[in-house]
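structure-v2.pdb follows (PDB, C-alpha atoms, pLDDT in the B column):
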ATOM      1  CA  MET A  16      -1.991   2.981  -5.949  1.00 81.00           C
ATOM      2  CA  ASN A  17      -3.036  -0.532  -5.126  1.00 84.00           C
ATOM      3  CA  LEU A  18      -1.073  -3.736  -5.436  1.00 87.00           C
ATOM      4  CA  SER A  19      -3.375  -4.842  -8.255  1.00 88.00           C
ATOM      5  CA  ASP A  20      -2.308  -1.762 -10.288  1.00 88.00           C
ATOM      6  CA  ILE A  21       1.328  -2.841 -10.329  1.00 91.00           C
ATOM      7  CA  PRO A  22       2.678  -4.766 -13.331  1.00 91.00           C
ATOM      8  CA  ALA A  23       3.123  -8.472 -12.636  1.00 93.00           C
ATOM      9  CA  SER A  24       6.869  -8.178 -13.226  1.00 92.00           C
ATOM     10  CA  LEU A  25       7.168  -5.870 -10.184  1.00 95.00           C
ATOM     11  CA  ARG A  26       4.378  -7.160  -7.950  1.00 95.00           C
ATOM     12  CA  ASP A  27       6.584  -9.551  -5.935  1.00 96.00           C
ATOM     13  CA  TRP A  28       8.546  -6.576  -4.556  1.00 97.00           C
ATOM     14  CA  PHE A  29       5.560  -4.996  -2.826  1.00 97.00           C
ATOM     15  CA  GLU A  30       2.738  -5.738  -0.428  1.00 96.00           C
ATOM     16  CA  GLN A  31      -0.271  -3.976   0.968  1.00 95.00           C
ATOM     17  CA  THR A  32      -2.343  -4.862   4.026  1.00 94.00           C
ATOM     18  CA  PRO A  33      -4.776  -2.631   5.924  1.00 94.00           C
ATOM     19  CA  GLU A  34      -3.170  -3.259   9.316  1.00 95.00           C
ATOM     20  CA  VAL A  35       0.347  -2.125   8.344  1.00 95.00           C
ATOM     21  CA  LEU A  36       1.095   1.538   7.599  1.00 95.00           C
ATOM     22  CA  GLY A  37      -2.593   2.221   7.183  1.00 94.00           C
ATOM     23  CA  GLY A  38      -2.766   0.086   4.054  1.00 94.00           C
ATOM     24  CA  LYS A  39      -0.133   2.051   2.135  1.00 95.00           C
ATOM     25  CA  LEU A  40       1.791   0.219  -0.539  1.00 96.00           C
ATOM     26  CA  ARG A  41       5.105  -0.882   0.954  1.00 97.00           C
ATOM     27  CA  VAL A  42       8.239  -2.802   0.164  1.00 97.00           C
ATOM     28  CA  ARG A  43       7.651  -6.507   0.824  1.00 96.00           C
ATOM     29  CA  GLY A  44       8.966  -7.611   4.192  1.00 95.00           C
ATOM     30  CA  ALA A  45       9.513  -4.060   5.428  1.00 96.00           C
ATOM     31  CA  ARG A  46       7.527  -1.412   7.240  1.00 96.00           C
ATOM     32  CA  VAL A  47       8.691   1.146   4.689  1.00 97.00           C
ATOM     33  CA  SER A  48       6.182   2.620   2.279  1.00 97.00           C
ATOM     34  CA  VAL A  49       6.848   3.166  -1.386  1.00 97.00           C
ATOM     35  CA  GLU A  50       5.961   6.802  -0.723  1.00 96.00           C
ATOM     36  CA  GLN A  51       8.742   7.130   1.891  1.00 97.00           C
ATOM     37  CA  VAL A  52      11.354   5.731  -0.482  1.00 98.00           C
ATOM     38  CA  LEU A  53      10.177   7.928  -3.355  1.00 97.00           C
ATOM     39  CA  GLU A  54      10.253  11.054  -1.200  1.00 97.00           C
ATOM     40  CA  LEU A  55      13.836  10.313  -0.205  1.00 98.00           C
ATOM     41  CA  LEU A  56      14.899   9.605  -3.778  1.00 97.00           C
ATOM     42  CA  GLU A  57      13.205  12.789  -4.980  1.00 96.00           C
ATOM     43  CA  ALA A  58      15.076  14.740  -2.295  1.00 98.00           C
ATOM     44  CA  GLY A  59      18.339  13.429  -3.732  1.00 97.00           C
ATOM     45  CA  VAL A  60      19.149  10.908  -1.009  1.00 98.00           C
ATOM     46  CA  PRO A  61      21.383   8.217  -2.538  1.00 97.00           C
ATOM     47  CA  PRO A  62      20.046   4.632  -2.415  1.00 97.00           C
ATOM     48  CA  ALA A  63      22.973   3.596  -0.184  1.00 97.00           C
ATOM     49  CA  ASP A  64      21.898   6.158   2.422  1.00 97.00           C
ATOM     50  CA  ILE A  65      18.278   5.009   2.230  1.00 98.00           C
ATOM     51  CA  ILE A  66      19.429   1.449   2.901  1.00 97.00           C
ATOM     52  CA  LYS A  67      21.470   2.639   5.899  1.00 97.00           C
ATOM     53  CA  SER A  68      18.391   4.387   7.297  1.00 96.00           C
ATOM     54  CA  PHE A  69      16.122   1.389   6.664  1.00 97.00           C
ATOM     55  CA  PRO A  70      18.096  -1.843   7.210  1.00 95.00           C
ATOM     56  CA  SER A  71      15.090  -3.904   6.087  1.00 96.00           C
ATOM     57  CA  LEU A  72      15.686  -2.566   2.554  1.00 98.00           C
ATOM     58  CA  ASP A  73      18.362  -3.591   0.105  1.00 97.00           C
ATOM     59  CA  LEU A  74      19.513  -2.164  -3.203  1.00 97.00           C
ATOM     60  CA  PRO A  75      17.254  -4.386  -5.350  1.00 97.00           C
ATOM     61  CA  SER A  76      14.176  -3.258  -3.385  1.00 97.00           C
ATOM     62  CA  VAL A  77      15.077   0.423  -3.843  1.00 98.00           C
ATOM     63  CA  ILE A  78      15.598  -0.237  -7.550  1.00 97.00           C
ATOM     64  CA  ALA A  79      12.153  -1.896  -7.655  1.00 97.00           C
ATOM     65  CA  VAL A  80      10.630   1.303  -6.229  1.00 97.00           C
ATOM     66  CA  GLU A  81      12.442   3.318  -8.910  1.00 96.00           C
ATOM     67  CA  ARG A  82      11.146   0.958 -11.595  1.00 96.00           C
ATOM     68  CA  LEU A  83       7.606   1.306 -10.252  1.00 96.00           C
ATOM     69  CA  ALA A  84       7.923   5.096 -10.380  1.00 95.00           C
ATOM     70  CA  ALA A  85       9.173   4.890 -13.971  1.00 95.00           C
ATOM     71  CA  HIS A  86       6.219   2.662 -14.896  1.00 93.00           C
ATOM     72  CA  CYS A  87       3.781   5.167 -13.383  1.00 92.00           C
ATOM     73  CA  ALA A  88       5.465   8.085 -15.151  1.00 92.00           C
ATOM     74  CA  LEU A  89       5.297   6.298 -18.508  1.00 92.00           C
ATOM     75  CA  ALA A  90       1.627   5.464 -17.964  1.00 87.00           C
ATOM     76  CA  MET A  91       0.922   9.188 -17.604  1.00 88.00           C
ATOM     77  CA  LEU A  92       2.452  10.063 -21.000  1.00 87.00           C
TER      78      LEU A  92
END
Take the structure from the file and write it as structure tokens.
Amino acid sequence: MNLSDIPASLRDWFEQTPEVLGGKLRVRGARVSVEQVLELLEAGVPPADIIKSFPSLDLPSVIAVERLAAHCALAML
């Protein structure tokens, strides 16, 4: 997924540059990829524990990743 594929209402939460994390989509201001957060959420890790593991994240940014995942899931239906 590229930044341009993200709905405008969510775009401010994310960034993507080739020199950071190999160009993976990541949470803005953090070296944490959307993929990392989604893998943790899928494994059942609570958002509070994700934030403890990645201090550059906060609850609103984790919620933004969840919203992005919901958008992608709905687009597949």
Expanded to explicit residues, what is the PyMOL selection byres ((chain A and resi 31) around 7) for this file, as a PyMOL selection string?
-> chain A and resi 18+30+32-33+38-41
Expected residue set, 8 Å radius at (13.3, -4.7, 9.5), only C-alpha atoms, as a list in words | Gly44, Ala45, Arg46, Phe69, Pro70, Ser71 and Leu72 of chain A
State, in Å with one decimal place, the distance from atom CA of A:Ala84 to atom CA of A:Arg43.
->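 So the answer is 16.1 Å.
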How far is it from atom CA of A:Leu55 to atom CA of A:Pro75, in Å with one decimal?
-> 15.9 Å
Proximity to A:Ser68 - best of A:Ala23, A:Val47, A:Leu83, A:Leu53, all atoms listed in the file |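 Among A:Ala23, A:Val47, A:Leu83, A:Leu53, it is A:Val47 that comes nearest to A:Ser68.
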Can you work out which one of A:Met91, A:Met16, A:Pro61, A:Glu54 has the shortest atom-to-atom distance to A:Leu74, counting all atoms listed in the file?
->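 Of all the options, A:Pro61 lies closest to A:Leu74.
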